$ cat coords-v9.txt   # compact mmCIF, C-alpha atoms
# COMPACT_ATOMS: atom_id res chain seq x y z
CA MET A 161 -48.10 -113.52 -26.86
CA ASN A 162 -45.63 -111.04 -25.47
CA MET A 163 -46.82 -109.88 -22.08
CA ASP A 164 -44.28 -107.10 -21.90
CA ASP A 165 -45.71 -105.51 -25.05
CA LYS A 166 -49.23 -105.84 -23.75
CA LEU A 167 -48.30 -104.34 -20.39
CA LYS A 168 -46.68 -101.33 -22.03
CA HIS A 169 -50.27 -100.29 -22.83
CA LEU A 170 -51.47 -100.94 -19.29
CA ARG A 171 -51.75 -97.26 -18.37
CA LYS A 172 -53.81 -96.46 -21.45
CA SER A 173 -55.91 -99.60 -20.99
CA MET A 174 -56.73 -98.91 -17.37
CA ASP A 175 -57.36 -95.20 -17.91
CA GLN A 176 -59.84 -96.01 -20.70
CA THR A 177 -61.62 -98.77 -18.85
CA VAL A 178 -61.35 -99.35 -15.10
CA PHE A 179 -60.50 -95.77 -14.18
CA LYS A 180 -62.62 -94.12 -16.84
CA ASN A 181 -65.64 -93.12 -14.82
CA HIS A 182 -63.92 -92.70 -11.50
CA ALA A 183 -62.05 -89.45 -11.77
CA LEU A 184 -61.63 -87.44 -8.58
CA THR A 185 -64.03 -84.53 -8.92
CA PRO A 186 -63.47 -81.12 -7.26
CA TYR A 187 -66.30 -82.11 -4.92
CA ASP A 188 -64.41 -85.30 -3.98
CA LYS A 189 -61.26 -83.25 -3.35
CA LEU A 190 -63.16 -80.87 -1.11
CA ASP A 191 -64.63 -83.88 0.67
CA ILE A 192 -61.15 -85.26 1.35
CA LYS A 193 -59.92 -81.87 2.58
CA ASN A 194 -62.91 -81.47 4.91
CA TYR A 195 -62.45 -84.99 6.23
CA VAL A 196 -58.77 -84.36 6.96
CA LEU A 197 -59.37 -81.02 8.66
CA SER A 198 -62.34 -82.24 10.71
CA SER A 199 -60.40 -85.35 11.77
CA LYS A 200 -57.52 -83.13 12.82
CA ARG A 201 -59.88 -80.91 14.82
CA LYS A 202 -61.53 -83.96 16.34
CA LYS A 203 -58.13 -85.27 17.32
CA GLU A 204 -57.17 -81.91 18.83
CA ARG A 205 -60.44 -81.78 20.75
CA TYR A 206 -59.88 -85.31 21.96
CA TYR A 207 -56.32 -84.39 22.97
CA LYS A 208 -57.54 -81.31 24.85
CA TYR A 209 -60.27 -83.32 26.57
CA THR A 210 -57.77 -86.05 27.46
CA MET A 211 -55.32 -83.48 28.79
CA PHE A 212 -58.07 -81.81 30.81
CA THR A 213 -59.20 -85.14 32.24
CA LEU A 214 -55.62 -86.12 32.95
CA THR A 215 -54.86 -82.79 34.66
CA LEU A 216 -58.05 -83.06 36.69
CA SER A 217 -57.23 -86.61 37.71
CA VAL A 218 -53.67 -85.69 38.67
CA THR A 219 -54.94 -82.69 40.66
CA CYS A 220 -57.53 -84.82 42.45
CA VAL A 221 -54.96 -87.49 43.27
CA PHE A 222 -52.53 -84.79 44.42
CA LEU A 223 -55.19 -83.18 46.64
CA LEU A 224 -56.18 -86.57 48.00
CA VAL A 225 -52.58 -87.47 48.79
CA MET A 226 -52.01 -84.03 50.31
CA GLY A 227 -55.21 -84.41 52.35
CA ILE A 228 -54.13 -87.79 53.66
CA TYR A 229 -50.63 -86.47 54.34
CA LEU A 230 -51.87 -83.33 56.13
CA ASN A 231 -54.43 -85.32 58.08
CA GLY A 232 -51.64 -87.63 59.21
CA LYS A 233 -49.50 -84.61 60.07
CA VAL A 234 -52.33 -82.97 62.04
CA GLU A 235 -52.97 -86.20 63.92
CA GLN A 236 -49.26 -86.52 64.61
CA LEU A 237 -49.12 -82.90 65.79
CA GLU A 238 -52.20 -83.37 67.95
CA LYS A 239 -50.61 -86.47 69.46
CA GLN A 240 -47.39 -84.56 70.08
CA VAL A 241 -49.29 -81.70 71.74
CA THR A 242 -51.37 -84.14 73.81
CA ASP A 243 -48.24 -86.05 74.81
CA ALA A 244 -46.49 -82.81 75.67
CA VAL A 245 -49.43 -81.56 77.74
CA GLN A 246 -49.75 -84.95 79.40
CA ALA A 247 -46.03 -85.05 80.08
CA GLU A 248 -46.19 -81.54 81.47
CA GLN A 249 -49.14 -82.45 83.66
CA GLU A 250 -47.46 -85.63 84.83
CA GLY A 251 -44.29 -83.66 85.39
CA SER A 252 -46.07 -81.02 87.38
CA GLU A 253 -47.89 -83.72 89.36
CA ASN A 254 -44.79 -85.70 90.04
CA LYS A 255 -42.36 -82.87 90.52
CA PRO A 256 -42.05 -82.10 94.20
CA ILE A 257 -42.90 -78.56 95.14
CA THR A 258 -42.39 -76.55 98.26
CA LEU A 259 -45.54 -75.22 99.78
CA ASN A 260 -45.45 -71.60 100.69
CA PHE A 261 -48.33 -71.93 103.10
CA ALA A 262 -48.96 -70.16 106.40
CA ILE A 263 -50.25 -72.03 109.43
CA LYS A 264 -52.81 -70.05 111.32
CA SER A 265 -54.67 -70.57 114.57
CA GLY A 266 -58.22 -71.83 114.34
CA GLY A 267 -59.56 -69.39 116.88
CA GLY A 268 -62.31 -67.27 115.44
CA VAL A 269 -62.81 -69.46 112.35
CA TYR A 270 -66.18 -71.11 112.18
CA LEU A 271 -66.89 -74.24 110.16
CA PRO A 272 -70.28 -75.82 110.92
CA GLY A 273 -69.95 -79.23 112.62
CA PHE A 274 -66.24 -78.91 113.22
CA GLU A 275 -64.00 -77.56 115.94
CA ILE A 276 -60.92 -76.21 114.22
CA SER A 277 -57.49 -76.61 115.81
CA ASN A 278 -55.64 -74.61 113.19
CA TYR A 279 -55.45 -74.24 109.42
CA ALA A 280 -52.97 -73.72 106.62
CA VAL A 281 -53.50 -71.23 103.84
CA GLY A 282 -51.58 -70.58 100.64
CA ASN A 283 -51.54 -70.91 96.85
CA ILE A 284 -50.46 -73.56 94.41
CA GLY A 285 -50.35 -71.85 91.02
CA LEU A 286 -53.48 -69.73 90.78
CA ASP A 287 -55.50 -71.96 93.11
CA GLU A 288 -56.01 -70.84 96.70
CA TYR A 289 -55.84 -73.63 99.27
CA LYS A 290 -57.28 -73.64 102.80
CA ILE A 291 -56.72 -76.77 104.84
CA TYR A 292 -58.50 -76.98 108.16
CA ALA A 293 -57.63 -79.53 110.89
CA GLY A 294 -59.59 -80.29 114.05
CA THR A 295 -62.27 -82.43 115.69
CA VAL A 296 -65.73 -83.48 114.54
CA VAL A 297 -68.18 -81.90 116.99
CA ASP A 298 -70.65 -84.81 116.96
CA ASP A 299 -67.86 -87.37 117.48
CA PRO A 300 -65.08 -85.87 119.59
CA SER A 301 -62.81 -88.91 119.03
CA THR A 302 -62.75 -88.37 115.25
CA GLY A 303 -60.31 -85.96 113.77
CA PHE A 304 -60.84 -84.27 110.44
CA LEU A 305 -59.05 -82.54 107.67
CA TYR A 306 -61.06 -80.22 105.46
CA LEU A 307 -59.59 -79.06 102.19
CA VAL A 308 -61.07 -76.10 100.30
CA ILE A 309 -59.58 -75.23 96.90
CA ASN A 310 -60.75 -72.00 95.35
CA LYS A 311 -60.00 -72.00 91.60
CA GLY A 312 -61.60 -68.58 91.12
CA LYS A 313 -64.83 -67.53 89.41
CA GLY A 314 -66.86 -69.39 92.07
CA ASN A 315 -65.24 -72.71 91.21
CA THR A 316 -64.55 -74.28 94.60
CA THR A 317 -63.62 -77.85 95.51
CA LYS A 318 -64.20 -79.13 99.04
CA ILE A 319 -62.84 -82.46 100.32
CA GLN A 320 -63.21 -83.85 103.84
CA TYR A 321 -60.96 -86.49 105.39
CA SER A 322 -62.01 -88.19 108.66
CA PHE A 323 -59.66 -89.96 111.02
CA ALA A 324 -61.30 -92.26 113.59
CA LYS A 325 -59.69 -91.88 116.97
CA GLY A 326 -57.60 -89.14 115.43
CA ALA A 327 -58.97 -86.20 117.35
CA PRO A 328 -57.86 -83.60 117.92
CA LEU A 329 -55.97 -83.29 114.61
CA LYS A 330 -53.51 -80.43 114.38
CA ILE A 331 -51.15 -79.11 111.69
CA MET A 332 -47.67 -79.17 113.13
CA ALA A 333 -45.43 -78.18 110.25
CA ILE A 334 -44.93 -77.96 106.47
CA GLU A 335 -42.32 -80.19 104.83
CA GLY A 336 -41.93 -79.75 101.13
CA GLN A 337 -45.36 -80.31 99.66
CA GLU A 338 -46.72 -82.06 102.71
CA LEU A 339 -48.45 -80.93 105.85
CA VAL A 340 -47.27 -82.71 108.96
CA LEU A 341 -50.18 -83.35 111.30
CA SER A 342 -50.43 -84.79 114.75
CA ALA A 343 -53.25 -86.94 116.09
CA GLN A 344 -52.88 -88.21 119.63
CA GLY A 345 -49.14 -88.50 119.22
CA ASN A 346 -49.35 -90.16 115.77
CA ARG A 347 -47.88 -88.49 112.74
CA ILE A 348 -50.02 -87.99 109.65
CA TYR A 349 -48.69 -86.57 106.41
CA PHE A 350 -50.92 -84.88 103.92
CA ASP A 351 -49.52 -84.55 100.40
CA VAL A 352 -51.34 -81.39 99.34
CA PRO A 353 -50.97 -81.39 95.51
CA ASN A 354 -51.65 -85.13 95.23
CA ARG A 355 -54.18 -85.18 98.09
CA ASN A 356 -52.79 -88.35 99.59
CA VAL A 357 -52.64 -89.07 103.32
CA TYR A 358 -49.87 -91.16 104.86
CA TYR A 359 -49.50 -92.13 108.47
CA GLY A 360 -46.89 -93.44 110.82
CA SER A 361 -43.16 -93.48 110.47
CA LYS A 362 -43.52 -96.06 107.63
CA ARG A 363 -45.65 -93.57 105.76
CA GLN A 364 -48.42 -95.97 104.92
CA LEU A 365 -51.07 -94.69 102.57
CA TYR A 366 -54.17 -93.87 104.51
CA ASN A 367 -57.32 -95.01 102.83
CA HIS A 368 -59.98 -92.76 104.13
CA MET B 215 -35.92 -82.32 -4.43
CA LYS B 216 -37.15 -79.82 -6.98
CA ASN B 217 -40.65 -81.06 -6.27
CA VAL B 218 -40.25 -80.34 -2.57
CA ARG B 219 -39.07 -76.78 -3.00
CA LYS B 220 -42.17 -76.05 -5.01
CA TYR B 221 -44.30 -76.16 -1.82
CA GLU B 222 -41.93 -74.48 0.53
CA TYR B 223 -44.01 -71.39 1.20
CA TYR B 224 -47.40 -73.02 1.57
CA THR B 225 -49.21 -73.20 4.89
CA ASN B 226 -50.15 -76.71 5.98
CA GLU B 227 -53.74 -76.27 4.90
CA SER B 228 -52.96 -74.87 1.46
CA LEU B 229 -50.24 -77.47 1.02
CA LEU B 230 -52.80 -80.16 1.79
CA GLU B 231 -55.10 -78.68 -0.83
CA LYS B 232 -52.25 -78.62 -3.33
CA LEU B 233 -51.30 -82.24 -2.61
CA ILE B 234 -54.91 -83.40 -2.94
CA ASP B 235 -55.18 -81.55 -6.25
CA GLU B 236 -51.99 -83.02 -7.59
CA PHE B 237 -51.96 -86.55 -6.18
CA GLY B 238 -55.56 -87.29 -5.15
CA GLU B 239 -56.45 -89.01 -8.37
CA MET B 240 -53.25 -91.02 -8.36
CA VAL B 241 -53.81 -92.17 -4.75
CA LYS B 242 -57.38 -93.23 -5.43
CA ARG B 243 -56.40 -95.21 -8.52
CA LEU B 244 -53.45 -96.86 -6.82
CA ALA B 245 -55.62 -97.77 -3.83
CA TYR B 246 -58.20 -99.26 -6.19
CA THR B 247 -55.62 -101.54 -7.80
CA TYR B 248 -55.01 -103.00 -4.33
CA VAL B 249 -58.53 -103.21 -2.89
CA LYS B 250 -60.63 -103.40 -6.09
CA ASP B 251 -63.47 -101.40 -4.53
CA TRP B 252 -64.00 -97.74 -5.32
CA GLN B 253 -65.64 -96.88 -1.99
CA VAL B 254 -62.80 -98.46 -0.06
CA ALA B 255 -60.32 -96.74 -2.37
CA GLU B 256 -61.95 -93.41 -1.53
CA ASP B 257 -61.81 -94.16 2.18
CA ILE B 258 -58.14 -95.05 1.85
CA THR B 259 -57.52 -91.83 -0.10
CA GLN B 260 -58.97 -89.84 2.82
CA GLU B 261 -56.85 -91.75 5.30
CA VAL B 262 -53.73 -91.22 3.16
CA PHE B 263 -54.18 -87.46 3.13
CA LEU B 264 -55.02 -87.41 6.83
CA ALA B 265 -51.74 -89.23 7.50
CA CYS B 266 -49.95 -86.76 5.20
CA TYR B 267 -51.44 -83.78 6.99
CA ASN B 268 -50.62 -85.16 10.42
CA ASN B 269 -47.04 -85.80 9.37
CA LEU B 270 -46.31 -82.73 7.27
CA GLU B 271 -44.05 -81.40 10.02
CA ASN B 272 -42.09 -84.65 10.06
CA PHE B 273 -41.72 -84.89 6.30
CA ARG B 274 -38.04 -85.17 5.55
CA GLU B 275 -36.97 -83.95 2.17
CA GLU B 276 -35.24 -87.21 1.39
CA CYS B 277 -37.80 -88.03 -1.28
CA SER B 278 -40.43 -86.20 -3.25
CA TYR B 279 -43.96 -85.63 -1.98
CA LYS B 280 -45.10 -87.98 -4.74
CA ASN B 281 -43.00 -90.89 -3.50
CA TRP B 282 -43.88 -90.12 0.12
CA ILE B 283 -47.60 -90.23 -0.73
CA TYR B 284 -47.11 -93.41 -2.77
CA LYS B 285 -45.48 -95.02 0.24
CA ILE B 286 -48.29 -94.02 2.59
CA THR B 287 -50.89 -95.26 0.10
CA ILE B 288 -49.17 -98.63 -0.31
CA ASN B 289 -48.93 -99.06 3.46
CA LYS B 290 -52.57 -98.10 4.02
CA CYS B 291 -53.69 -100.52 1.29
CA LYS B 292 -51.61 -103.34 2.74
CA ASP B 293 -53.02 -102.60 6.20
CA PHE B 294 -56.49 -102.87 4.73
CA ILE B 295 -55.74 -106.11 2.92
CA LYS B 296 -54.17 -107.62 6.03
CA GLY B 297 -57.42 -106.84 7.81
CA LYS B 298 -56.09 -104.16 10.08
CA TRP B 299 -59.03 -101.98 9.17
CA ILE B 300 -62.33 -102.92 10.66
CA LEU B 301 -64.90 -102.66 7.94
CA PRO B 302 -67.64 -100.24 8.85
CA LYS B 303 -71.20 -101.51 8.75
CA GLU B 304 -72.12 -99.08 5.95
CA PHE B 305 -69.34 -100.49 3.81
CA LEU B 306 -70.56 -104.04 4.25
CA GLU B 307 -74.09 -102.95 3.41
CA ARG B 308 -72.83 -101.09 0.35
CA LEU B 309 -70.84 -104.10 -0.77
CA PHE B 310 -73.87 -106.33 -0.36
CA MET B 311 -76.06 -103.91 -2.33
CA ASN B 312 -73.47 -103.66 -5.09
CA GLU B 313 -73.41 -107.42 -5.39
CA ASN B 314 -77.14 -107.44 -6.00
CA LYS B 315 -76.93 -104.67 -8.57
CA ARG B 316 -74.31 -106.36 -10.68
CA SER B 317 -76.29 -107.09 -13.79
CA ILE B 318 -74.33 -106.88 -17.02
CA THR B 319 -75.93 -105.04 -19.90
CA PRO B 320 -75.13 -105.97 -23.54
CA GLU B 321 -73.13 -102.73 -23.80
CA ASP B 322 -71.11 -103.68 -20.76
CA ARG B 323 -70.53 -107.08 -22.24
CA LEU B 324 -69.23 -105.46 -25.40
CA MET B 325 -66.99 -103.22 -23.29
CA LEU B 326 -65.76 -106.20 -21.37
CA LEU B 327 -64.60 -107.79 -24.53
CA THR B 328 -62.35 -104.96 -25.59
CA GLU B 329 -58.66 -105.64 -25.41
CA GLU B 330 -58.04 -102.83 -22.94
CA ARG B 331 -60.68 -104.05 -20.56
CA ILE B 332 -59.38 -107.60 -20.73
CA LEU B 333 -55.88 -106.45 -19.89
CA SER B 334 -57.07 -104.30 -17.01
CA GLN B 335 -59.32 -107.00 -15.62
CA ASN B 336 -56.61 -109.63 -15.90
CA VAL B 337 -54.06 -107.45 -14.17
CA LEU B 338 -56.55 -106.88 -11.35
CA LYS B 339 -56.99 -110.65 -11.08
CA LEU B 340 -53.31 -111.10 -10.20
CA PRO B 341 -52.37 -111.89 -6.59
CA VAL B 342 -51.61 -108.65 -4.78
CA LYS B 343 -47.86 -109.25 -4.48
CA TYR B 344 -47.52 -109.45 -8.30
CA ARG B 345 -50.22 -106.94 -9.02
CA GLU B 346 -48.61 -104.16 -7.02
CA ILE B 347 -45.29 -104.57 -8.80
CA ILE B 348 -46.93 -104.73 -12.27
CA ILE B 349 -49.00 -101.61 -11.52
CA LEU B 350 -46.09 -99.64 -10.08
CA TYR B 351 -43.81 -100.65 -12.94
CA TYR B 352 -46.11 -100.48 -15.94
CA TYR B 353 -48.91 -98.16 -14.85
CA GLU B 354 -47.08 -95.72 -12.59
CA ASP B 355 -43.96 -96.03 -14.72
CA LEU B 356 -41.62 -96.28 -11.72
CA LYS B 357 -38.13 -97.69 -11.89
CA ILE B 358 -37.15 -100.90 -10.07
CA LYS B 359 -35.12 -98.83 -7.58
CA GLU B 360 -38.05 -96.54 -6.84
CA ILE B 361 -40.37 -99.52 -6.36
CA SER B 362 -37.81 -100.98 -4.00
CA GLU B 363 -37.81 -97.81 -1.93
CA LEU B 364 -41.59 -97.66 -1.83
CA THR B 365 -42.30 -101.29 -1.01
CA GLY B 366 -39.25 -102.04 1.10
CA LEU B 367 -38.46 -105.06 -1.09
CA ASN B 368 -35.04 -105.57 -2.58
CA GLU B 369 -34.54 -105.08 -6.30
CA ALA B 370 -33.96 -108.79 -7.01
CA THR B 371 -37.30 -109.68 -5.39
CA ILE B 372 -39.03 -107.01 -7.46
CA LYS B 373 -37.52 -108.36 -10.67
CA THR B 374 -38.57 -111.90 -9.73
CA ARG B 375 -42.10 -110.78 -8.90
CA LEU B 376 -42.29 -108.83 -12.14
CA SER B 377 -41.29 -111.89 -14.14
CA ARG B 378 -43.61 -114.23 -12.19
CA GLY B 379 -46.41 -111.70 -12.44
CA LYS B 380 -46.13 -111.70 -16.21
CA LYS B 381 -46.12 -115.50 -16.26
CA PHE B 382 -49.19 -115.51 -14.03
CA LEU B 383 -50.87 -113.01 -16.33
CA ARG B 384 -50.13 -115.18 -19.33
CA LYS B 385 -51.79 -118.08 -17.54
CA ILE B 386 -54.85 -115.94 -16.88
CA TYR B 387 -54.98 -115.02 -20.57
CA GLU B 388 -54.75 -118.66 -21.47
CA GLY B 389 -57.60 -119.33 -19.11
CA GLY B 390 -55.46 -121.18 -16.58
$ encode --input "coords-v9.txt" --output "structure tokens"
Amino acid sequence: MNMDDKLKHLRKSMDQTVFKNHALTPYDKLDIKNYVLSSKRKKERYYKYTMFTLTLSVTCVFLLVMGIYLNGKVEQLEKQVTDAVQAEQEGSENKPITLNFAIKSGGGVYLPGFEISNYAVGNIGLDEYKIYAGTVVDDPSTGFLYLVINKGKGNTTKIQYSFAKGAPLKIMAIEGQELVLSAQGNRIYFDVPNRNVYYGSKRQLYNH
Amino acid sequence: MKNVRKYEYYTNESLLEKLIDEFGEMVKRLAYTYVKDWQVAEDITQEVFLACYNNLENFREECSYKNWIYKITINKCKDFIKGKWILPKEFLERLFMNENKRSITPEDRLMLLTEERILSQNVLKLPVKYREIIILYYYEDLKIKEISELTGLNEATIKTRLSRGKKFLRKIYEGG
């Protein structure tokens, strides 16, 4: 049998048999069209949703990174400011100043429990300083130094220094930021801004 | 090229409609010759036109719409045969139901015996690599060169497959 001859009728054969009852109806065509269009819309919706999610994610990540970055920057800035303030404070503490204080006689000034030899008065910045020197009334061999700092608005600091066998204590002079005091022929130095007391020619720190 | 110009002024949607009208039947039949299941052939037809619609913008006028659609259909069918498509549950159920319903009536038996039916059935029994060439050559009436363009096979291979396909068909006729 000649296959080529047989196959020449293949189209007719298949159309009359296998394909006979399976024509594409207008309903089928509409079905295909609807499927295609709805799939396209579905894909577009999916794309939009994906884009939205992606944009949202990128924005969130960006904000997070910016937040972390800014937080780091703020911390860095805070540290810089703190360091600067600290450095300024340290600088102002360590930088020697010259006191523009006046030494006045203690006559007429009354401080309960003390007999005042004289006192120094003046300002460091906005703070008003009064430093009294003299003898403790109850113990005439003990000298004293009484520091009153008035920071304004009723904010006052009072510090008392006692010197055994240091009476009578008297302010002799002002050298730089120190008061030079005399106690029975001994020299005492009072560093006013740092509130340290030194004594003797070796300037030993006095631990009161 | 003449075929292409015919659709120049259509919008995508009306062009889709036109293509379905003109080539829908052809796609479904061609898909059937590969997969031998009408439901799957219909599913493939939908996928073919979806692919067409999605790629209308990219369609280069190097070939006709007909050949372009043929090519997409062949690729979709081959994807299906290679198992790239995951069969939906409904399809499996349908297939199972169809198996149960396959009872042959005397009329069907008579139909089966007709020469045309025997030829069609035997062609569909061929392995897919011969079947596709036989169908494209004898049913779709395409030239060897056109088949080569559609399938990506060289012309010599197509000629060999055509010859071997016929031999195979003869064996089927002889009951081998």
$ closest_atom_pairs --input "coords-v9.txt" --of "chain A" --to "chain B" --cutoff "8 Å" --atoms "only C-alpha atoms" --output "Markdown table"
| residue | atom | partner | partner_atom | distance |
| --- | --- | --- | --- | --- |
| A:Met161 | CA | B:Arg384 | CA | 8.0 |
| A:Met163 | CA | B:Lys380 | CA | 6.2 |
| A:Asp164 | CA | B:Lys380 | CA | 7.5 |
| A:Lys166 | CA | B:Leu333 | CA | 7.7 |
| A:Leu167 | CA | B:Tyr352 | CA | 6.3 |
| A:Lys168 | CA | B:Tyr352 | CA | 6.2 |
| A:Leu170 | CA | B:Tyr353 | CA | 5.8 |
| A:Arg171 | CA | B:Tyr353 | CA | 4.6 |
| A:Lys172 | CA | B:Glu330 | CA | 7.8 |
| A:Ser173 | CA | B:Glu330 | CA | 4.3 |
| A:Met174 | CA | B:Ser334 | CA | 5.4 |
| A:Gln176 | CA | B:Glu330 | CA | 7.4 |
| A:Thr177 | CA | B:Arg331 | CA | 5.6 |
| A:Val178 | CA | B:Ser334 | CA | 6.8 |
| A:Phe179 | CA | B:Arg243 | CA | 7.0 |
| A:His182 | CA | B:Trp252 | CA | 8.0 |
| A:Ala183 | CA | B:Glu239 | CA | 6.6 |
| A:Leu184 | CA | B:Glu239 | CA | 5.4 |
| A:Lys189 | CA | B:Ile234 | CA | 6.4 |
| A:Ile192 | CA | B:Gln260 | CA | 5.3 |
| A:Lys193 | CA | B:Glu231 | CA | 6.7 |
| A:Tyr195 | CA | B:Gln260 | CA | 6.9 |
| A:Val196 | CA | B:Leu264 | CA | 4.8 |
| A:Leu197 | CA | B:Leu264 | CA | 7.9 |
| A:Ser199 | CA | B:Leu264 | CA | 7.6 |
| A:Lys200 | CA | B:Asn268 | CA | 7.6 |
$ residues_around --input "coords-v9.txt" --residues "range 361-364 of chain B" --least-positions-apart "4" --cutoff "7 Å" --atoms "all atoms listed in the file" --output "ChimeraX atom specification"
/B:285,350,356-357,368-369
$ atom_distance --input "coords-v9.txt" --atom1 "CA of Met332 in chain A" --atom2 "CA of Ile263 in chain A"
8.4 Å
$ atom_distance --input "coords-v9.txt" --atom1 "CA of Ile291 in chain A" --atom2 "CA of Ser361 in chain A"
22.2 Å
$ atom_distance --input "coords-v9.txt" --atom1 "CA of Phe304 in chain A" --atom2 "CA of Gly360 in chain A"
16.7 Å
$ residues_around --input "coords-v9.txt" --residues "Asn356 in chain A" --least-positions-apart "6" --cutoff "8 Å" --atoms "all atoms listed in the file" --output "MDAnalysis selection string"
chainID A and resid 350 365:366
$ residues_around --input "coords-v9.txt" --residues "Gly285 in chain A" --least-positions-apart "3" --cutoff "10 Å" --atoms "all atoms listed in the file" --output "ChimeraX atom specification"
/A:282,288,311
$ build_atoms --input "coords-v9.txt" --residues "range 191-197 of chain A" --atoms "all heavy atoms" --output "mmCIF file, in the coordinates of the input"
data_model
loop_
_atom_site.group_PDB
_atom_site.id
_atom_site.type_symbol
_atom_site.label_atom_id
_atom_site.label_comp_id
_atom_site.auth_asym_id
_atom_site.auth_seq_id
_atom_site.Cartn_x
_atom_site.Cartn_y
_atom_site.Cartn_z
ATOM 1 N N ASP A 191 -64.208 -82.885 -0.331
ATOM 2 C CA ASP A 191 -64.630 -83.880 0.670
ATOM 3 C C ASP A 191 -63.415 -84.399 1.456
ATOM 4 O O ASP A 191 -63.455 -84.510 2.685
ATOM 5 C CB ASP A 191 -65.277 -85.056 -0.057
ATOM 6 C CG ASP A 191 -66.685 -85.294 0.432
ATOM 7 O OD1 ASP A 191 -67.248 -84.372 1.035
ATOM 8 O OD2 ASP A 191 -67.199 -86.402 0.207
ATOM 9 N N ILE A 192 -62.379 -84.724 0.724
ATOM 10 C CA ILE A 192 -61.150 -85.260 1.350
ATOM 11 C C ILE A 192 -60.565 -84.197 2.280
ATOM 12 O O ILE A 192 -60.216 -84.484 3.430
ATOM 13 C CB ILE A 192 -60.112 -85.672 0.278
ATOM 14 C CG1 ILE A 192 -60.648 -86.853 -0.542
ATOM 15 C CG2 ILE A 192 -58.781 -86.048 0.923
ATOM 16 C CD1 ILE A 192 -59.822 -87.179 -1.767
ATOM 17 N N LYS A 193 -60.498 -82.956 1.780
ATOM 18 C CA LYS A 193 -59.920 -81.870 2.580
ATOM 19 C C LYS A 193 -60.730 -81.682 3.877
ATOM 20 O O LYS A 193 -60.161 -81.590 4.967
ATOM 21 C CB LYS A 193 -59.925 -80.581 1.753
ATOM 22 C CG LYS A 193 -59.171 -79.459 2.417
ATOM 23 C CD LYS A 193 -59.332 -78.177 1.647
ATOM 24 C CE LYS A 193 -58.947 -77.013 2.517
ATOM 25 N NZ LYS A 193 -59.346 -75.737 1.957
ATOM 26 N N ASN A 194 -62.060 -81.653 3.718
ATOM 27 C CA ASN A 194 -62.910 -81.470 4.910
ATOM 28 C C ASN A 194 -62.735 -82.620 5.895
ATOM 29 O O ASN A 194 -62.699 -82.405 7.106
ATOM 30 C CB ASN A 194 -64.386 -81.361 4.495
ATOM 31 C CG ASN A 194 -64.662 -80.051 3.807
ATOM 32 O OD1 ASN A 194 -63.904 -79.085 3.956
ATOM 33 N ND2 ASN A 194 -65.722 -79.999 3.016
ATOM 34 N N TYR A 195 -62.637 -83.812 5.360
ATOM 35 C CA TYR A 195 -62.450 -84.990 6.230
ATOM 36 C C TYR A 195 -61.153 -84.860 7.035
ATOM 37 O O TYR A 195 -61.131 -85.070 8.240
ATOM 38 C CB TYR A 195 -62.422 -86.264 5.373
ATOM 39 C CG TYR A 195 -62.041 -87.504 6.146
ATOM 40 C CD1 TYR A 195 -62.974 -88.166 6.930
ATOM 41 C CD2 TYR A 195 -60.736 -87.994 6.097
ATOM 42 C CE1 TYR A 195 -62.616 -89.291 7.650
ATOM 43 C CE2 TYR A 195 -60.366 -89.117 6.815
ATOM 44 C CZ TYR A 195 -61.317 -89.772 7.594
ATOM 45 O OH TYR A 195 -60.947 -90.880 8.319
ATOM 46 N N VAL A 196 -60.089 -84.477 6.306
ATOM 47 C CA VAL A 196 -58.770 -84.360 6.960
ATOM 48 C C VAL A 196 -58.810 -83.300 8.047
ATOM 49 O O VAL A 196 -58.391 -83.543 9.190
ATOM 50 C CB VAL A 196 -57.683 -84.023 5.902
ATOM 51 C CG1 VAL A 196 -56.374 -83.663 6.577
ATOM 52 C CG2 VAL A 196 -57.488 -85.185 4.959
ATOM 53 N N LEU A 197 -59.373 -82.121 7.694
ATOM 54 C CA LEU A 197 -59.370 -81.020 8.660
ATOM 55 C C LEU A 197 -60.267 -81.326 9.863
ATOM 56 O O LEU A 197 -59.903 -81.032 11.008
ATOM 57 C CB LEU A 197 -59.787 -79.707 7.988
ATOM 58 C CG LEU A 197 -58.824 -79.223 6.900
ATOM 59 C CD1 LEU A 197 -59.343 -77.963 6.249
ATOM 60 C CD2 LEU A 197 -57.420 -78.979 7.464
#
